[in-house]
Amino acid sequence: MKINENFLKVESSYLFSTVAKKQREYQQAHPDKEVIRLSIGDVTQPLAGAVIEAMHKAVDEMGSAETFRGYPPEYGYDFIIEAVRKNDYEARGIDIKADEIFLSDGAKSDCGNIGDIFSTDNKVAICDPVYPVYLDTTVMAGRSGDKGEDGLYKNVIYMPCLRENNFMPQLPEETPDIIYLCFPNNPIGVAASKDELTKWVNYALKNNCVILYDSAYEAFITDYSPKSIYEIDGAKKCAIEFRSFSKTAGFTGMRCGYTVVPHELCFYGTELNALWARRQATKFNGVSYITQRAAEAVYSEEGKKQTGEIIAYYQRNARAIYDGLTAAGFTCFGAVNSPYVWLEVPAGMTSWEFFDDLLSKCQVVGTPGSGFGKSGEGYLRLTAFGNYEKTLEAIDRIKRVYGK
Ligand SMILES: *Cc1c(COP(=O)(O)O)cnc(C)c1O
């Protein structure tokens with residue numbers, strides 16, 4: 001028996017466990033202090049009333065022989081697929097067919113699992129800093145090569161997202177096969193404009209690449225930035241899109257998302273749609289009926305209104321963090337189209353040094369930018385997913401300590 005040795009190459013100390021450990025240790029040493037967490041990438045507000053109501057109804061259906069349901073269809077019930085197609089695509093002028101939508105238990109699994117349908121010889125390009133799932137699953141699949149002395153995997157194409165380029169990745173010098181993109185992105189919290197995305201779609205079409213587009217934060221877009229990559233001409237020929245109800249409707253504990261694989265996406269005569277359908281039918285058994293009814297309710301009139309109010313609550317937090325810390329003399333990015341604020345740490349400090357400083361002086365927990373990749377060094381991510389009053393309290397403490 002041999003293990004998959006690629007797993008040994010994956011970064012072992014997971015960023016968020018280190019953050020949690022430091023917080024726990026501080027709290028144990030200072031039991032009288034109240035620590036405020038602006039580090040969590042998880043929602044905190046309860047589910048919308050319309051969602052709860054739909055679930056209660058679905059539970060009752062499961063309790064009666066006439067309406068009981070067993071295994072769901074692998075790719076989702078028609079009612080939810082239709083709701084997705086109409087609301088997320090048709091309403092925005094995008095023609096996506098029902099059989100191009102695959103319901104799942106969330107975007108995280110799909111973003112990783114999608115690698116099953118591609119050759120392990122493919123070269124992957126990834127933004128830096130980045131949501132760790134794209135890189136770690138690339139490593140597990142054996143596409144990364146070994147880690148060099150510089151801490152970077154030899155076979156991965158890193159695309160730094162730096163302030164001088166408005167945190168947008170630049171087209172890579174070496175041509176990749178697979179390009180992971182996520183906008184509005186995590187951790188920086190910036191959206192890509194239509195022009196920016198057009199540049200990537202044209203590049204992928206010209207170079208025969210596939211774009212894996214994570215649109216988990218589209219609900220936070222407040223300007224004209226595209227919510228879907230398919231708003232760009234030609235994207236159906238080069239892009240797979242991942243969506244999630246997690247941040248859109250507070251479903252992080254419910255588990256539901258979907259992946260779009262257009263029929264036009266075809267390489268050497270093979271539709272990727274057929275491969276993903278085969279993969280899902282074999283390795284995935286569908287989303288629970290109750291959860292699918294819950295997701296459907298997100299698209300009802302009441303559901304849209306209620307989830308919109310929850311998003312607005314987080315957006316108010318994001319705005320407050322951005323404005324408050326900018327007033328205190330910090331340089332901040334993100335927030336406008338995202339629940340994240342990307343904060344430049346004070347000169348002379350590393351991300352982790354500022355993390356420790358903030359914890360000990362303000363009892364506020366952030367996430368060090370360097371934990372998301374080399375180019376995240378010098379930044380700290382604060383999230384808007386907390387309670388409003390606590391968020392204001394945290395901003396106040398930071399102002400008192402660091403304010404100019
Ligand atoms: C939160 C998040 C997701 C959502 O993942 P789920 O598995 O659907 O909860 C996807 N992508 C990014 C970048 C995220 O931050």
# chains A, B, ... in the order shown; residues from 1 in each chain; ligands from 1

$ select_by_dssp --residues "segment 170-363 of chain A" --states "helix (DSSP H, G or I)" --output "PyMOL selection string"
chain A and resi 194-207+218-220+229-231+235-237+245-249+272-283+289-298+301-327+351-362

$ residues_around --residues "Ala125 of chain A" --least-positions-apart "2" --cutoff "9 Å" --atoms "only C-alpha atoms" --output "PyMOL selection string"
chain A and resi 123+127+156-159+172+175-181

$ closest_residue --among "A:Arg69, A:Lys108, A:Arg319, A:Arg279" --to "ligand 1" --atoms "only C-alpha atoms and all ligand atoms"
A:Lys108

$ residues_near_ligand --ligand "ligand 1" --cutoff "9 Å" --atoms "only C-alpha atoms and all ligand atoms" --output "VMD selection string"
chain A and resid 41 to 42 104 to 111 130 to 134 182 to 187 214 to 217 242 to 247 251 to 258

$ residues_around --residues "Thr391 of chain A" --least-positions-apart "5" --cutoff "9 Å" --atoms "only C-alpha atoms" --output "VMD selection string"
chain A and resid 36 to 38 317 320 to 321 384 386 396

$ write_last_selection --atoms "C-alpha atoms" --output "JSON list (two decimals), in the first residue's frame"
[["chain", "number", "residue", "atom", "x", "y", "z"],
["A", 36, "ILE", "CA", -13.78, 40.67, 19.23],
["A", 37, "ARG", "CA", -13.33, 38.43, 16.20],
["A", 38, "LEU", "CA", -13.15, 40.20, 12.88],
["A", 317, "ASN", "CA", -20.30, 46.64, 8.81],
["A", 320, "ALA", "CA", -18.00, 51.14, 8.99],
["A", 321, "ILE", "CA", -14.69, 49.27, 9.16],
["A", 384, "ALA", "CA", -17.77, 42.33, 8.08],
["A", 386, "GLY", "CA", -19.83, 40.05, 12.74],
["A", 396, "ASP", "CA", -13.28, 52.30, 18.31]]

$ select_by_dssp --residues "segment 71-286 of chain A" --states "strand (DSSP E or B)" --output "PyMOL selection string"
chain A and resi 101-104+124-128+147+153+156-160+178-182+210-214+239-244+257-260+266-267+270-271

$ write_last_selection --atoms "N, CA and C atoms" --output "short mmCIF file (atom, residue, chain, number, x, y, z; two decimals), in the first residue's frame"
data_model
loop_
_atom_site.label_atom_id
_atom_site.label_comp_id
_atom_site.auth_asym_id
_atom_site.auth_seq_id
_atom_site.Cartn_x
_atom_site.Cartn_y
_atom_site.Cartn_z
N ILE A 101 -26.47 23.32 -15.22
CA ILE A 101 -26.38 23.69 -13.80
C ILE A 101 -26.36 22.42 -12.95
N PHE A 102 -25.37 22.34 -12.07
CA PHE A 102 -25.22 21.17 -11.19
C PHE A 102 -25.27 21.63 -9.74
N LEU A 103 -26.35 21.27 -9.05
CA LEU A 103 -26.46 21.65 -7.64
C LEU A 103 -25.48 20.83 -6.81
N SER A 104 -24.95 21.44 -5.75
CA SER A 104 -23.97 20.73 -4.93
C SER A 104 -24.07 21.14 -3.47
N VAL A 124 -1.46 24.87 -13.49
CA VAL A 124 -2.50 25.69 -12.85
C VAL A 124 -1.95 27.06 -12.49
N ALA A 125 -2.73 28.10 -12.79
CA ALA A 125 -2.39 29.47 -12.38
C ALA A 125 -3.34 29.92 -11.28
N ILE A 126 -2.76 30.52 -10.25
CA ILE A 126 -3.52 30.88 -9.06
C ILE A 126 -3.12 32.28 -8.59
N CYS A 127 -4.08 33.06 -8.15
CA CYS A 127 -3.78 34.39 -7.62
C CYS A 127 -3.04 34.27 -6.30
N ASP A 128 -2.30 35.30 -5.97
CA ASP A 128 -1.57 35.35 -4.70
C ASP A 128 -1.73 36.77 -4.15
N LYS A 147 7.80 21.92 -3.37
CA LYS A 147 7.94 23.29 -2.91
C LYS A 147 9.41 23.69 -2.98
N TYR A 153 5.41 26.51 -4.85
CA TYR A 153 5.42 25.24 -5.57
C TYR A 153 5.96 25.47 -6.98
N VAL A 156 3.44 25.56 -10.08
CA VAL A 156 2.25 26.43 -10.03
C VAL A 156 2.63 27.80 -10.55
N ILE A 157 1.74 28.38 -11.34
CA ILE A 157 1.97 29.74 -11.81
C ILE A 157 1.25 30.69 -10.85
N TYR A 158 2.03 31.46 -10.12
CA TYR A 158 1.45 32.41 -9.16
C TYR A 158 1.22 33.76 -9.84
N MET A 159 0.07 34.32 -9.58
CA MET A 159 -0.24 35.63 -10.16
C MET A 159 -0.42 36.63 -9.01
N PRO A 160 0.63 37.38 -8.71
CA PRO A 160 0.56 38.31 -7.58
C PRO A 160 -0.51 39.37 -7.80
N ILE A 178 -5.07 25.76 -16.69
CA ILE A 178 -6.21 26.01 -15.81
C ILE A 178 -5.95 27.31 -15.05
N ILE A 179 -6.93 28.21 -15.02
CA ILE A 179 -6.77 29.48 -14.32
C ILE A 179 -7.88 29.63 -13.29
N TYR A 180 -7.52 29.67 -12.03
CA TYR A 180 -8.52 29.94 -10.99
C TYR A 180 -8.68 31.45 -10.83
N LEU A 181 -9.89 31.95 -10.95
CA LEU A 181 -10.17 33.36 -10.67
C LEU A 181 -11.36 33.44 -9.73
N CYS A 182 -11.35 34.44 -8.86
CA CYS A 182 -12.45 34.65 -7.93
C CYS A 182 -12.66 36.16 -7.78
N VAL A 210 -8.81 26.81 -19.53
CA VAL A 210 -10.12 26.85 -18.90
C VAL A 210 -10.02 27.75 -17.67
N ILE A 211 -11.01 28.63 -17.51
CA ILE A 211 -11.08 29.49 -16.33
C ILE A 211 -12.04 28.85 -15.33
N LEU A 212 -11.59 28.69 -14.09
CA LEU A 212 -12.46 28.20 -13.02
C LEU A 212 -12.83 29.43 -12.20
N TYR A 213 -14.07 29.88 -12.37
CA TYR A 213 -14.47 31.19 -11.84
C TYR A 213 -15.34 31.04 -10.60
N ASP A 214 -14.83 31.50 -9.47
CA ASP A 214 -15.54 31.41 -8.20
C ASP A 214 -16.26 32.74 -7.96
N ALA A 239 -15.15 28.95 -19.65
CA ALA A 239 -15.22 29.09 -18.19
C ALA A 239 -16.27 28.21 -17.53
N ILE A 240 -15.90 27.72 -16.35
CA ILE A 240 -16.81 27.03 -15.44
C ILE A 240 -17.04 28.01 -14.29
N GLU A 241 -18.29 28.11 -13.83
CA GLU A 241 -18.58 29.06 -12.75
C GLU A 241 -19.08 28.34 -11.50
N PHE A 242 -18.56 28.75 -10.34
CA PHE A 242 -18.99 28.21 -9.05
C PHE A 242 -19.77 29.27 -8.30
N ARG A 243 -20.93 28.88 -7.78
CA ARG A 243 -21.73 29.79 -6.97
C ARG A 243 -22.10 29.10 -5.67
N SER A 244 -22.46 29.90 -4.70
CA SER A 244 -22.78 29.33 -3.39
C SER A 244 -23.88 30.12 -2.70
N GLY A 257 -24.71 24.90 -3.01
CA GLY A 257 -24.11 25.75 -4.02
C GLY A 257 -24.39 25.12 -5.38
N TYR A 258 -23.80 25.67 -6.41
CA TYR A 258 -23.96 25.03 -7.72
C TYR A 258 -22.82 25.41 -8.64
N THR A 259 -22.63 24.57 -9.63
CA THR A 259 -21.58 24.78 -10.61
C THR A 259 -22.19 24.78 -12.00
N VAL A 260 -21.76 25.71 -12.83
CA VAL A 260 -22.27 25.82 -14.20
C VAL A 260 -21.18 25.36 -15.17
N CYS A 266 -15.79 22.94 -24.63
CA CYS A 266 -15.46 21.70 -25.32
C CYS A 266 -13.98 21.71 -25.68
N PHE A 267 -13.26 20.67 -25.26
CA PHE A 267 -11.84 20.60 -25.57
C PHE A 267 -11.56 19.29 -26.33
N THR A 270 -14.49 16.95 -26.69
CA THR A 270 -15.19 16.45 -25.51
C THR A 270 -15.78 17.60 -24.71
N GLU A 271 -17.08 17.45 -24.41
CA GLU A 271 -17.74 18.46 -23.57
C GLU A 271 -17.36 18.23 -22.11
#

$ closest_residue --among "A:Pro368, A:Val345, A:Leu358, A:Lys374" --to "Arg397 of chain A" --atoms "only C-alpha atoms"
A:Leu358

$ closest_residue --among "A:Gly376, A:Gly329, A:Pro73, A:Pro339" --to "Ile398 of chain A" --atoms "only C-alpha atoms"
A:Gly329

$ decode --residues "segment 213-230 of chain A" --atoms "N, CA and C atoms" --output "compact mmCIF listing (two decimals), in the first residue's frame"
# COMPACT_ATOMS: atom_id res chain seq x y z
N TYR A 213 -14.07 29.88 -12.37
CA TYR A 213 -14.47 31.19 -11.84
C TYR A 213 -15.34 31.04 -10.60
N ASP A 214 -14.83 31.50 -9.47
CA ASP A 214 -15.54 31.41 -8.20
C ASP A 214 -16.26 32.74 -7.96
N SER A 215 -17.59 32.69 -7.96
CA SER A 215 -18.39 33.90 -7.83
C SER A 215 -19.17 33.91 -6.51
N ALA A 216 -18.53 33.34 -5.47
CA ALA A 216 -19.21 33.15 -4.18
C ALA A 216 -19.68 34.46 -3.54
N TYR A 217 -19.05 35.57 -3.90
CA TYR A 217 -19.38 36.85 -3.26
C TYR A 217 -20.16 37.80 -4.15
N GLU A 218 -20.76 37.29 -5.22
CA GLU A 218 -21.45 38.18 -6.17
C GLU A 218 -22.54 39.02 -5.50
N ALA A 219 -23.17 38.48 -4.44
CA ALA A 219 -24.27 39.21 -3.79
C ALA A 219 -23.80 40.52 -3.15
N PHE A 220 -22.48 40.64 -2.95
CA PHE A 220 -21.96 41.84 -2.28
C PHE A 220 -21.58 42.95 -3.26
N ILE A 221 -21.74 42.68 -4.56
CA ILE A 221 -21.37 43.69 -5.55
C ILE A 221 -22.36 44.85 -5.50
N THR A 222 -21.83 46.07 -5.39
CA THR A 222 -22.70 47.25 -5.35
C THR A 222 -22.53 48.13 -6.59
N ASP A 223 -21.48 47.89 -7.39
CA ASP A 223 -21.29 48.72 -8.59
C ASP A 223 -21.63 47.92 -9.85
N TYR A 224 -21.03 48.26 -10.98
CA TYR A 224 -21.39 47.60 -12.23
C TYR A 224 -20.54 46.37 -12.55
N SER A 225 -19.74 45.94 -11.61
CA SER A 225 -18.90 44.76 -11.87
C SER A 225 -19.77 43.55 -12.19
N PRO A 226 -19.34 42.70 -13.13
CA PRO A 226 -20.13 41.51 -13.47
C PRO A 226 -20.30 40.58 -12.27
N LYS A 227 -21.49 39.99 -12.15
CA LYS A 227 -21.76 39.02 -11.10
C LYS A 227 -21.41 37.62 -11.60
N SER A 228 -21.45 37.46 -12.89
CA SER A 228 -21.16 36.17 -13.49
C SER A 228 -20.14 36.35 -14.61
N ILE A 229 -19.26 35.36 -14.77
CA ILE A 229 -18.28 35.44 -15.87
C ILE A 229 -19.00 35.35 -17.23
N TYR A 230 -20.21 34.76 -17.22
CA TYR A 230 -20.93 34.62 -18.49
C TYR A 230 -21.53 35.94 -18.99
